[in-house]
file protein_5.txt (compact mmCIF, C-alpha atoms)
# COMPACT_ATOMS: atom_id res chain seq x y z
CA MET U 212 50.86 -25.36 10.08
CA PHE U 213 47.95 -24.67 12.40
CA ARG U 214 48.08 -20.93 11.55
CA CYS U 215 48.00 -21.59 7.82
CA PHE U 216 44.93 -23.76 8.22
CA ILE U 217 42.93 -21.42 10.40
CA LEU U 218 43.40 -18.14 8.48
CA PRO U 219 41.45 -19.25 5.35
CA ILE U 220 38.64 -20.29 7.66
CA LEU U 221 38.63 -16.85 9.25
CA LEU U 222 38.62 -15.07 5.91
CA SER U 223 35.85 -17.23 4.45
CA SER U 224 33.78 -16.90 7.60
CA CYS U 225 33.73 -13.14 7.15
CA LEU U 226 31.72 -13.57 3.95
CA LEU U 227 28.27 -14.05 5.42
CA PRO U 228 24.90 -12.48 4.78
CA ILE U 229 23.77 -9.89 7.30
CA ASN U 230 20.72 -11.90 8.34
CA ALA U 231 22.45 -15.30 8.36
CA TRP U 232 22.57 -15.24 12.14
CA SER U 233 18.92 -16.31 12.36
CA SER U 234 18.43 -20.02 12.97
CA ASP U 235 14.97 -20.11 11.30
CA ASN U 236 15.68 -19.75 7.61
CA THR U 237 13.12 -22.06 6.00
CA PRO U 238 11.58 -20.78 2.73
CA SER U 239 8.04 -20.70 4.14
CA THR U 240 9.18 -18.73 7.19
CA ASN U 241 11.09 -16.27 5.00
CA GLN U 242 8.12 -15.76 2.68
CA HIS U 243 5.81 -15.15 5.61
CA TYR U 244 8.27 -12.71 7.16
CA LEU U 245 8.77 -10.85 3.87
CA ALA U 246 5.02 -10.54 3.31
CA ASP U 247 4.42 -9.14 6.80
CA ASN U 248 7.41 -6.85 6.56
CA LEU U 249 6.40 -5.51 3.15
CA SER U 250 2.86 -4.93 4.43
CA THR U 251 4.19 -2.85 7.34
CA LEU U 252 6.48 -0.97 4.98
CA SER U 253 3.61 -0.27 2.57
CA SER U 254 1.42 0.99 5.41
CA LEU U 255 4.11 3.44 6.53
CA VAL U 256 4.74 4.80 3.04
CA LYS U 257 1.01 5.13 2.33
CA ASN U 258 0.51 7.17 5.49
CA VAL U 259 3.37 9.44 4.48
CA LEU U 260 1.91 9.93 1.00
CA ASP U 261 -1.51 10.73 2.42
CA ASP U 262 -0.25 13.27 4.98
CA ASN U 263 2.74 14.90 3.28
CA PRO U 264 2.30 18.69 2.78
CA GLY U 265 4.30 18.64 -0.44
CA ILE U 266 1.99 16.03 -1.96
CA LYS U 267 -1.03 17.98 -0.78
CA SER U 268 0.40 21.05 -2.49
CA VAL U 269 0.67 19.20 -5.82
CA GLN U 270 -2.83 17.81 -5.22
CA ALA U 271 -4.11 21.36 -4.79
CA ALA U 272 -2.45 22.35 -8.06
CA GLN U 273 -4.16 19.42 -9.77
CA ASP U 274 -7.51 20.46 -8.28
CA ALA U 275 -6.93 23.94 -9.69
CA ALA U 276 -6.19 22.40 -13.11
CA VAL U 277 -9.46 20.42 -12.90
CA ALA U 278 -11.35 23.62 -12.08
CA LYS U 279 -9.66 25.42 -14.98
CA ALA U 280 -10.67 22.61 -17.34
CA GLN U 281 -14.28 22.93 -16.18
CA ALA U 282 -14.13 26.69 -16.61
CA ALA U 283 -12.60 26.38 -20.09
CA ASP U 284 -15.47 24.15 -21.18
CA GLN U 285 -18.01 26.90 -20.52
CA PRO U 286 -19.40 29.03 -23.39
CA LEU U 287 -17.26 32.03 -24.29
CA TYR U 288 -20.05 34.59 -24.54
CA ASN U 289 -23.19 35.31 -22.62
CA PRO U 290 -26.21 37.01 -24.18
CA GLU U 291 -26.65 40.74 -23.60
CA LEU U 292 -29.97 42.39 -22.81
CA GLU U 293 -30.47 45.88 -24.22
CA LEU U 294 -33.12 48.44 -23.18
CA ASP U 295 -33.57 51.74 -24.99
CA VAL U 296 -36.02 54.53 -24.16
CA GLU U 297 -36.04 57.84 -26.05
CA ASN U 298 -38.51 60.61 -25.21
CA THR U 299 -38.60 63.45 -27.76
CA ASP U 300 -41.46 64.65 -29.92
CA VAL U 301 -41.95 60.98 -30.60
CA GLN U 302 -41.58 58.52 -27.75
CA THR U 303 -39.53 55.49 -28.69
CA SER U 304 -38.90 52.41 -26.51
CA SER U 305 -37.31 49.14 -27.43
CA MET U 306 -35.84 46.01 -25.90
CA GLY U 307 -33.36 43.73 -27.56
CA ILE U 308 -30.99 40.84 -27.02
CA ASN U 309 -27.52 40.44 -28.47
CA GLN U 310 -25.51 37.24 -28.74
CA THR U 311 -21.90 36.88 -29.89
CA ILE U 312 -21.34 33.68 -31.84
CA ASP U 313 -18.27 31.50 -31.27
CA TRP U 314 -17.70 31.29 -35.00
CA GLY U 315 -14.49 29.27 -35.05
CA ASP U 316 -15.38 26.94 -32.11
CA LYS U 317 -12.77 28.54 -29.86
CA ARG U 318 -14.47 26.98 -26.86
CA ASP U 319 -13.57 23.44 -27.96
CA ALA U 320 -9.92 24.35 -28.60
CA ARG U 321 -9.65 26.14 -25.26
CA SER U 322 -11.30 23.20 -23.49
CA GLN U 323 -8.90 20.73 -25.13
CA THR U 324 -5.92 22.78 -24.00
CA ALA U 325 -7.17 22.85 -20.40
CA ARG U 326 -7.92 19.10 -20.36
CA PHE U 327 -4.43 18.24 -21.56
CA ARG U 328 -2.96 20.48 -18.89
CA GLN U 329 -5.14 18.73 -16.35
CA GLN U 330 -3.69 15.38 -17.47
CA ALA U 331 -0.20 16.81 -17.13
CA PHE U 332 -0.89 17.76 -13.50
CA ALA U 333 -2.36 14.31 -12.79
CA ALA U 334 0.85 12.71 -14.08
CA LYS U 335 2.92 15.24 -12.12
CA LEU U 336 1.11 14.21 -8.95
CA GLN U 337 1.93 10.54 -9.59
CA THR U 338 5.58 11.45 -10.13
CA ALA U 339 5.66 13.41 -6.87
CA ARG U 340 4.14 10.47 -4.98
CA GLN U 341 6.69 8.04 -6.40
CA VAL U 342 9.61 10.35 -5.64
CA LEU U 343 8.45 10.79 -2.04
CA ALA U 344 7.98 7.03 -1.64
CA ALA U 345 11.54 6.52 -2.90
CA ASP U 346 12.84 9.16 -0.46
CA VAL U 347 11.19 7.35 2.44
CA LEU U 348 12.61 3.98 1.38
CA HIS U 349 16.09 5.49 0.92
CA ALA U 350 15.87 7.05 4.38
CA LEU U 351 14.82 3.71 5.88
CA ALA U 352 17.69 1.92 4.14
CA ASN U 353 20.20 4.47 5.42
CA TYR U 354 18.76 4.31 8.93
CA HIS U 355 18.96 0.52 9.23
CA SER U 356 22.44 0.45 7.73
CA ASP U 357 23.71 3.17 10.07
CA ASN U 358 21.97 1.46 12.99
CA GLU U 359 23.78 -1.82 12.31
CA MET U 360 27.07 0.01 11.82
CA ALA U 361 26.58 1.72 15.19
CA ALA U 362 25.80 -1.67 16.77
CA LEU U 363 28.93 -3.12 15.20
CA THR U 364 31.09 -0.33 16.63
CA LYS U 365 29.58 -1.13 20.03
CA GLN U 366 30.58 -4.77 19.59
CA ARG U 367 34.07 -3.64 18.66
CA ILE U 368 34.34 -1.68 21.93
CA GLU U 369 33.09 -4.64 23.98
CA LEU U 370 35.59 -6.95 22.31
CA LEU U 371 38.49 -4.59 22.77
CA GLN U 372 37.50 -3.78 26.34
CA GLY U 373 37.71 -7.44 27.25
CA PHE U 374 40.94 -7.78 25.30
CA VAL U 375 42.54 -4.83 27.14
CA GLY U 376 41.60 -6.40 30.48
CA LEU U 377 43.17 -9.68 29.44
CA ALA U 378 46.24 -7.89 28.09
CA LYS U 379 46.76 -6.15 31.43
CA LYS U 380 46.70 -9.48 33.25
CA ARG U 381 49.21 -10.95 30.83
CA ARG U 382 51.38 -7.86 31.24
CA LEU U 383 51.41 -8.30 35.02
CA SER U 384 52.40 -11.93 34.62
CA GLY U 385 55.18 -10.93 32.21
CA ASP U 386 53.66 -12.71 29.19
CA LEU U 387 53.05 -9.46 27.29
CA GLY U 388 55.24 -6.48 26.55
CA GLN U 389 54.39 -2.86 27.32
CA ALA U 390 54.28 -1.93 23.62
CA GLU U 391 51.65 -4.55 22.94
CA LEU U 392 49.57 -3.36 25.93
CA THR U 393 49.82 0.21 24.66
CA LEU U 394 48.70 -0.96 21.21
CA ALA U 395 45.63 -2.57 22.79
CA LYS U 396 44.76 0.64 24.66
CA LEU U 397 45.15 2.75 21.51
CA ALA U 398 42.89 0.37 19.62
CA PHE U 399 40.26 0.75 22.35
CA VAL U 400 40.47 4.57 22.16
CA GLU U 401 40.10 4.45 18.37
CA ALA U 402 37.08 2.16 18.74
CA ASN U 403 35.48 4.76 21.02
CA MET U 404 35.99 7.46 18.38
CA GLN U 405 34.47 5.23 15.73
CA ARG U 406 31.53 4.59 18.01
CA THR U 407 30.95 8.33 18.44
CA ARG U 408 31.09 8.97 14.71
CA ALA U 409 28.71 6.08 13.98
CA THR U 410 26.25 7.21 16.64
CA THR U 411 26.30 10.79 15.33
CA ARG U 412 25.68 9.60 11.80
CA LEU U 413 22.81 7.41 13.04
CA MET U 414 21.22 10.38 14.81
CA GLU U 415 21.42 12.46 11.64
CA THR U 416 19.91 9.68 9.55
CA GLN U 417 17.13 9.16 12.07
CA GLN U 418 16.38 12.87 12.06
CA GLN U 419 16.07 12.85 8.26
CA LEU U 420 13.71 9.89 8.46
CA ILE U 421 11.57 11.57 11.12
CA ALA U 422 11.36 14.73 8.99
CA LEU U 423 10.07 12.70 6.05
CA VAL U 424 7.63 10.55 8.00
CA GLY U 425 6.44 13.36 10.26
CA GLY U 426 6.95 11.56 13.55
CA ASN U 427 9.15 9.14 15.46
CA ARG U 428 8.47 5.44 15.89
CA HIS U 429 9.79 2.88 18.33
CA GLU U 430 10.46 0.45 15.49
CA TRP U 431 10.98 1.25 11.85
CA PRO U 432 10.02 -1.36 9.25
CA HIS U 433 12.86 -3.15 7.50
CA LEU U 434 13.40 -3.46 3.80
CA PRO U 435 13.51 -7.09 2.59
CA ASP U 436 16.89 -8.68 2.01
CA VAL U 437 15.42 -11.08 -0.55
CA LEU U 438 14.95 -9.12 -3.76
CA PRO U 439 14.21 -10.52 -7.21
CA PRO U 440 16.70 -10.70 -10.09
CA LEU U 441 16.20 -8.25 -12.93
CA GLU U 442 16.26 -9.04 -16.62
CA LEU U 443 15.68 -5.95 -18.74
CA ALA U 444 15.05 -6.83 -22.38
CA GLU U 445 15.66 -4.07 -24.88
CA GLN U 446 12.20 -4.51 -26.40
CA ASN U 447 10.60 -3.76 -23.00
CA ILE U 448 12.32 -0.42 -22.50
CA ASP U 449 9.94 1.57 -24.69
CA ASP U 450 6.95 -0.07 -23.00
CA ILE U 451 8.26 0.96 -19.60
CA LEU U 452 9.01 4.48 -20.78
CA MET U 453 5.51 4.87 -22.23
CA GLN U 454 3.99 4.22 -18.79
CA LEU U 455 6.24 6.54 -16.81
CA PRO U 456 4.23 9.42 -15.34
CA VAL U 457 7.06 11.90 -15.98
CA LEU U 458 6.88 11.16 -19.71
CA ARG U 459 3.09 11.06 -19.70
CA GLU U 460 3.27 14.54 -18.26
CA GLN U 461 5.51 15.65 -21.11
CA ARG U 462 3.21 14.13 -23.71
CA SER U 463 0.26 15.92 -22.15
CA ARG U 464 2.14 19.21 -22.18
CA ILE U 465 2.96 18.76 -25.86
CA ALA U 466 -0.67 17.98 -26.61
CA ALA U 467 -1.73 21.06 -24.64
CA ALA U 468 0.74 23.22 -26.57
CA LYS U 469 -0.64 21.91 -29.89
CA ALA U 470 -4.20 22.54 -28.75
CA ASN U 471 -3.18 26.05 -27.70
CA ILE U 472 -1.93 26.72 -31.26
CA ILE U 473 -5.31 25.68 -32.61
CA PHE U 474 -7.01 27.96 -30.10
CA ARG U 475 -4.80 30.91 -31.06
CA ARG U 476 -5.46 30.33 -34.76
CA ARG U 477 -9.18 30.20 -34.20
CA ALA U 478 -8.94 33.32 -32.08
CA ARG U 479 -7.88 35.17 -35.23
CA GLN U 480 -11.34 34.60 -36.68
CA PRO U 481 -13.69 37.44 -35.71
CA ASP U 482 -16.83 36.47 -33.84
CA PRO U 483 -19.98 38.20 -35.11
CA THR U 484 -22.62 39.56 -32.79
CA ILE U 485 -26.26 39.18 -33.79
CA GLY U 486 -28.93 41.30 -32.17
CA LEU U 487 -32.73 41.20 -32.23
CA ARG U 488 -34.71 44.21 -31.07
CA GLY U 489 -38.41 44.99 -30.73
CA GLY U 490 -40.38 47.98 -29.45
CA ARG U 491 -42.67 50.87 -30.33
CA GLU U 492 -42.13 54.22 -31.91
CA ALA U 493 -45.16 56.42 -31.19
CA SER U 494 -48.05 54.21 -32.29
CA ASP U 495 -45.99 52.07 -34.65
CA ASN U 496 -44.35 48.76 -33.87
CA LEU U 497 -40.57 48.60 -34.18
CA ILE U 498 -38.64 45.47 -35.11
CA GLY U 499 -34.90 45.43 -35.82
CA VAL U 500 -32.07 43.03 -36.53
CA SER U 501 -28.40 43.97 -36.10
CA LEU U 502 -25.13 42.35 -37.06
CA SER U 503 -21.70 43.52 -35.97
CA ILE U 504 -18.35 42.03 -36.89
CA PRO U 505 -15.05 43.19 -35.34
CA LEU U 506 -12.40 44.16 -37.85
CA PHE U 507 -8.95 42.81 -36.98
CA VAL U 508 -7.18 45.59 -38.81
CA ARG U 509 -4.89 47.15 -36.24
CA ASN U 510 -4.17 43.80 -34.55
CA ASN U 511 -4.68 40.53 -36.41
CA PHE U 512 -3.42 38.44 -33.42
CA ARG U 513 -0.71 36.77 -35.48
CA ALA U 514 1.84 37.36 -32.73
CA GLU U 515 -0.12 35.14 -30.32
CA VAL U 516 0.06 32.28 -32.83
CA ASP U 517 3.82 32.75 -33.16
CA VAL U 518 4.17 32.67 -29.38
CA ALA U 519 2.16 29.43 -29.19
CA ASN U 520 4.34 27.87 -31.91
CA SER U 521 7.50 28.82 -30.05
CA GLN U 522 6.10 27.38 -26.83
CA LEU U 523 5.37 24.10 -28.62
CA ILE U 524 8.93 23.91 -29.94
CA GLN U 525 10.28 24.61 -26.46
CA THR U 526 8.04 21.93 -24.91
CA GLU U 527 9.05 19.35 -27.53
CA ARG U 528 12.78 20.04 -27.05
CA GLN U 529 12.37 19.85 -23.30
CA SER U 530 10.49 16.57 -23.63
CA GLN U 531 13.23 15.11 -25.83
CA ASN U 532 15.85 16.08 -23.26
CA ILE U 533 13.85 14.59 -20.39
CA THR U 534 13.23 11.40 -22.38
CA ARG U 535 16.96 10.95 -22.95
CA LYS U 536 17.70 11.43 -19.27
CA VAL U 537 14.91 9.09 -18.18
CA ARG U 538 16.02 6.37 -20.61
CA ALA U 539 19.64 6.67 -19.46
CA LYS U 540 18.56 6.55 -15.81
CA LEU U 541 16.41 3.50 -16.47
CA LEU U 542 19.25 1.56 -18.11
CA SER U 543 21.84 2.72 -15.59
CA SER U 544 19.71 1.82 -12.56
CA ALA U 545 19.00 -1.62 -14.04
CA ARG U 546 22.67 -2.36 -14.64
CA ARG U 547 23.72 -1.12 -11.22
CA TYR U 548 21.10 -3.25 -9.53
CA GLN U 549 22.07 -6.33 -11.55
CA LEU U 550 25.71 -5.87 -10.52
CA VAL U 551 24.97 -5.35 -6.83
CA TRP U 552 22.39 -8.16 -6.78
CA LYS U 553 24.94 -10.60 -8.24
CA THR U 554 27.54 -9.52 -5.67
CA TRP U 555 24.99 -9.92 -2.88
CA GLN U 556 24.15 -13.46 -4.01
CA ASP U 557 27.85 -14.35 -4.01
CA TRP U 558 28.11 -12.90 -0.54
CA LYS U 559 25.19 -14.91 0.82
CA GLN U 560 26.71 -18.16 -0.42
CA ALA U 561 30.10 -17.56 1.17
CA GLY U 562 29.45 -18.79 4.74
CA GLN U 563 27.37 -18.60 7.92
CA PHE U 564 29.81 -18.13 10.76
CA SER U 565 28.91 -15.72 13.51
CA LEU U 566 31.04 -12.79 14.58
CA VAL U 567 31.31 -14.20 18.09
CA ASN U 568 32.83 -17.45 16.84
CA GLN U 569 35.28 -15.61 14.65
CA THR U 570 36.52 -13.24 17.35
CA THR U 571 36.67 -16.04 19.91
CA LEU U 572 38.80 -18.10 17.57
CA ILE U 573 41.16 -15.19 16.92
CA GLN U 574 41.48 -14.58 20.65
CA GLN U 575 42.25 -18.24 21.31
CA LEU U 576 45.01 -18.12 18.70
CA TRP U 577 46.45 -15.03 20.40
CA GLN U 578 46.30 -16.61 23.87
CA ALA U 579 47.96 -19.75 22.52
CA GLY U 580 50.75 -17.65 21.06
CA GLU U 581 49.94 -18.66 17.51
CA ILE U 582 49.59 -15.04 16.47
CA SER U 583 51.07 -11.83 17.83
CA THR U 584 49.07 -8.89 19.19
CA THR U 585 49.60 -6.99 15.94
CA GLU U 586 48.31 -9.93 13.92
CA TYR U 587 45.37 -10.20 16.31
CA PHE U 588 44.34 -6.62 15.62
CA MET U 589 44.87 -7.03 11.91
CA GLN U 590 42.60 -10.08 11.75
CA LEU U 591 40.03 -8.57 14.11
CA ASN U 592 39.89 -5.36 12.07
CA GLN U 593 39.61 -7.35 8.87
CA THR U 594 36.72 -9.33 10.32
CA LEU U 595 34.87 -6.23 11.49
CA ASP U 596 35.65 -4.25 8.34
CA THR U 597 34.29 -7.11 6.26
CA ARG U 598 31.11 -7.00 8.30
CA LEU U 599 30.93 -3.25 7.66
CA SER U 600 31.34 -3.93 3.96
CA ALA U 601 28.48 -6.41 4.17
CA ILE U 602 26.23 -3.77 5.71
CA GLU U 603 27.24 -1.26 3.04
CA LEU U 604 26.65 -3.84 0.31
CA ARG U 605 23.15 -4.53 1.58
CA ASN U 606 22.49 -0.79 1.68
CA ASP U 607 23.69 -0.58 -1.91
CA LEU U 608 21.33 -3.43 -2.78
CA TRP U 609 18.39 -1.57 -1.25
CA ARG U 610 19.29 1.75 -2.83
CA THR U 611 19.84 0.36 -6.33
CA TRP U 612 16.56 -1.56 -6.08
CA ILE U 613 14.72 1.60 -5.01
CA ASP U 614 16.41 3.56 -7.81
CA TRP U 615 15.26 0.95 -10.32
CA LEU U 616 11.69 1.00 -9.01
CA LEU U 617 11.63 4.79 -9.26
CA ALA U 618 13.22 4.86 -12.71
CA SER U 619 10.75 2.27 -14.02
CA GLY U 620 7.72 3.82 -12.31
CA GLN U 621 6.97 0.65 -10.32
CA ILE U 622 7.70 1.74 -6.77
CA ASN U 623 4.06 2.08 -5.67
CA THR U 624 3.16 -1.15 -7.46
CA TRP U 625 5.91 -3.02 -5.59
CA LEU U 626 4.66 -1.59 -2.32
CA GLY U 627 1.08 -2.48 -3.15
CA ILE U 628 0.05 1.17 -3.09
CA ASP U 629 -2.20 1.99 -5.99
CA ASN U 630 -1.54 5.30 -7.68
CA GLN U 631 -4.31 7.83 -7.33
CA GLU U 632 -6.95 7.32 -9.97
CA LEU U 633 -6.92 9.76 -12.84
CA GLN U 634 -9.89 12.04 -13.18
CA SER U 635 -12.45 11.05 -15.78
CA GLY U 636 -11.11 11.72 -19.21
CA ASP U 637 -7.53 11.86 -17.95
CA LYS U 638 -6.35 8.73 -19.73
CA PRO U 639 -2.72 8.63 -20.85
CA LEU U 640 -2.21 9.84 -24.38
call {"tool": "encode", "arguments": {"input": "protein_5.txt", "output": "structure tokens"}}
result
Amino acid sequence: MFRCFILPILLSSCLLPINAWSSDNTPSTNQHYLADNLSTLSSLVKNVLDDNPGIKSVQAAQDAAVAKAQAADQPLYNPELELDVENTDVQTSSMGINQTIDWGDKRDARSQTARFRQQAFAAKLQTARQVLAADVLHALANYHSDNEMAALTKQRIELLQGFVGLAKKRRLSGDLGQAELTLAKLAFVEANMQRTRATTRLMETQQQLIALVGGNRHEWPHLPDVLPPLELAEQNIDDILMQLPVLREQRSRIAAAKANIIFRRRARQPDPTIGLRGGREASDNLIGVSLSIPLFVRNNFRAEVDVANSQLIQTERQSQNITRKVRAKLLSSARRYQLVWKTWQDWKQAGQFSLVNQTTLIQQLWQAGEISTTEYFMQLNQTLDTRLSAIELRNDLWRTWIDWLLASGQINTWLGIDNQELQSGDKPL
């Protein structure tokens, strides 16, 4: 009867939140802790974004696009100065100036193309910053999860070490059989192997985090356990998609491709060159006006227009494909987070018993003869495995939240890190 009563307590006590062991859980204390923790987290991510070589590389590409836009806005043709001296029976000297006219306003079309490409690079930089921020948060989530798993394997060893010592004493007094003592020793050996695997995995995770951050720290900031619920209304999806930098980049590329078609069409119009010349021929004054127009007979530049049209079609198809993937990722990440968040809330409401109390109770039952050694290990493993599941569930909560922030383009907003300001004129289309 006693055994039947105590097992449900053990099982329910396994269902506890990871941070339920803290005695100070008032709302004001939690809010203060979350604010400080998020501030530390934001500071770390901001430093990574500012110093990361990959981000600096994309920034350099954007700077090049800005310079190209400035260059494209310059006039196409410079004036030409012409000097002519002829000394025969009659000495002739003249000086003139020639200017080619941008007849079809090719400069404006070329400038528009470059500005749209500049906007595309600005959006690409924002995407790169968000992706890197998500990578850092994922690495932090994995590190803290692996760190707690490693700590749990250490607790398992300490528990089993004490149990083996107690089992040896009971074996000497004849209260325990050799098979049960051997089972306890094997469990201790297995716990050591689990400890080694967990420590190795923690070292790998820490190395990945150091590679992203660019240095080691004594303490890594935690991700908050208290995360908001998510309600994604269908009518808000298009609004979210419109603001995503990856889709703003695609829209800018489409606009640049369209502007390039206009430029190529205008390039088919010949630009006339007007010249004005003045001088002297013997004792007479010489004044002349010239006009030259290239004849696009051998090459009418139609092929360049066809190429630009094909590039536009390719860009539009690529944009449609990316939009589908981004929409699917947005909906999928929202649903996964909603599912994990609901499971996490159920978990938090299940109980607040500590691991020490649980294992102590199981050991007391074993010492009292209420359960056998095999049942002891089964219940102990179930308790510890449930704790491992709790750690994994919290990691899933973090990862799905980060995935949602990245998919919705809100990761830097959540961290309080403002995206880099767009250059003047680089407003989203």
call {"tool": "atom_distance", "arguments": {"input": "protein_5.txt", "atom1": "atom CA of U:Asn606", "atom2": "atom CA of U:Val537"}}
result
23.4 Å
call {"tool": "residues_near_point", "arguments": {"input": "protein_5.txt", "point": "(30.6, -1.0, -3.0)", "cutoff": "12 Å", "atoms": "only C-alpha atoms", "output": "ChimeraX atom specification"}}
result
/U:547-548,550-552,554-555,597,599-608,610-611
call {"tool": "atom_distance", "arguments": {"input": "protein_5.txt", "atom1": "atom CA of U:Ile524", "atom2": "atom CA of U:Arg464"}}
result
11.3 Å
call {"tool": "closest_residue", "arguments": {"input": "protein_5.txt", "among": "U:Ser619, U:Ser254, U:Thr303, U:Gln549", "to": "U:Leu438", "atoms": "only C-alpha atoms"}}
result
U:Gln549
call {"tool": "residues_around", "arguments": {"input": "protein_5.txt", "residues": "stretch 310-316 of chain U", "least_positions_apart": "5", "cutoff": "8 Å", "atoms": "only C-alpha atoms", "output": "MDAnalysis selection string"}}
result
chainID U and resid 287:291 477:478 480:486
call {"tool": "residues_around", "arguments": {"input": "protein_5.txt", "residues": "U:Leu458", "least_positions_apart": "2", "cutoff": "9 Å", "atoms": "all atoms listed in the file", "output": "VMD selection string"}}
result
chain U and resid 334 452 to 456 460 to 463 530 533 to 534 537
call {"tool": "closest_residue", "arguments": {"input": "protein_5.txt", "among": "U:Leu292, U:Ile472, U:Leu252, U:Ala579", "to": "U:Asp517", "atoms": "all atoms listed in the file"}}
result
U:Ile472
call {"tool": "atom_distance", "arguments": {"input": "protein_5.txt", "atom1": "atom CA of U:Ala468", "atom2": "atom CA of U:Leu523"}}
result
5.1 Å
call {"tool": "residues_around", "arguments": {"input": "protein_5.txt", "residues": "U:Asn358", "least_positions_apart": "2", "cutoff": "12 Å", "atoms": "all atoms listed in the file", "output": "PyMOL selection string"}}
result
chain U and resi 350-356+360-365+406+408-417+430-431+433+599+602-603+606
call {"tool": "write_last_selection", "arguments": {"input": "protein_5.txt", "atoms": "C-alpha atoms", "output": "compact mmCIF listing (two decimals), in the frame of the given file"}}
result
# COMPACT_ATOMS: atom_id res chain seq x y z
CA ALA U 350 15.87 7.05 4.38
CA LEU U 351 14.82 3.71 5.88
CA ALA U 352 17.69 1.92 4.14
CA ASN U 353 20.20 4.47 5.42
CA TYR U 354 18.76 4.31 8.93
CA HIS U 355 18.96 0.52 9.23
CA SER U 356 22.44 0.45 7.73
CA MET U 360 27.07 0.01 11.82
CA ALA U 361 26.58 1.72 15.19
CA ALA U 362 25.80 -1.67 16.77
CA LEU U 363 28.93 -3.12 15.20
CA THR U 364 31.09 -0.33 16.63
CA LYS U 365 29.58 -1.13 20.03
CA ARG U 406 31.53 4.59 18.01
CA ARG U 408 31.09 8.97 14.71
CA ALA U 409 28.71 6.08 13.98
CA THR U 410 26.25 7.21 16.64
CA THR U 411 26.30 10.79 15.33
CA ARG U 412 25.68 9.60 11.80
CA LEU U 413 22.81 7.41 13.04
CA MET U 414 21.22 10.38 14.81
CA GLU U 415 21.42 12.46 11.64
CA THR U 416 19.91 9.68 9.55
CA GLN U 417 17.13 9.16 12.07
CA GLU U 430 10.46 0.45 15.49
CA TRP U 431 10.98 1.25 11.85
CA HIS U 433 12.86 -3.15 7.50
CA LEU U 599 30.93 -3.25 7.66
CA ILE U 602 26.23 -3.77 5.71
CA GLU U 603 27.24 -1.26 3.04
CA ASN U 606 22.49 -0.79 1.68
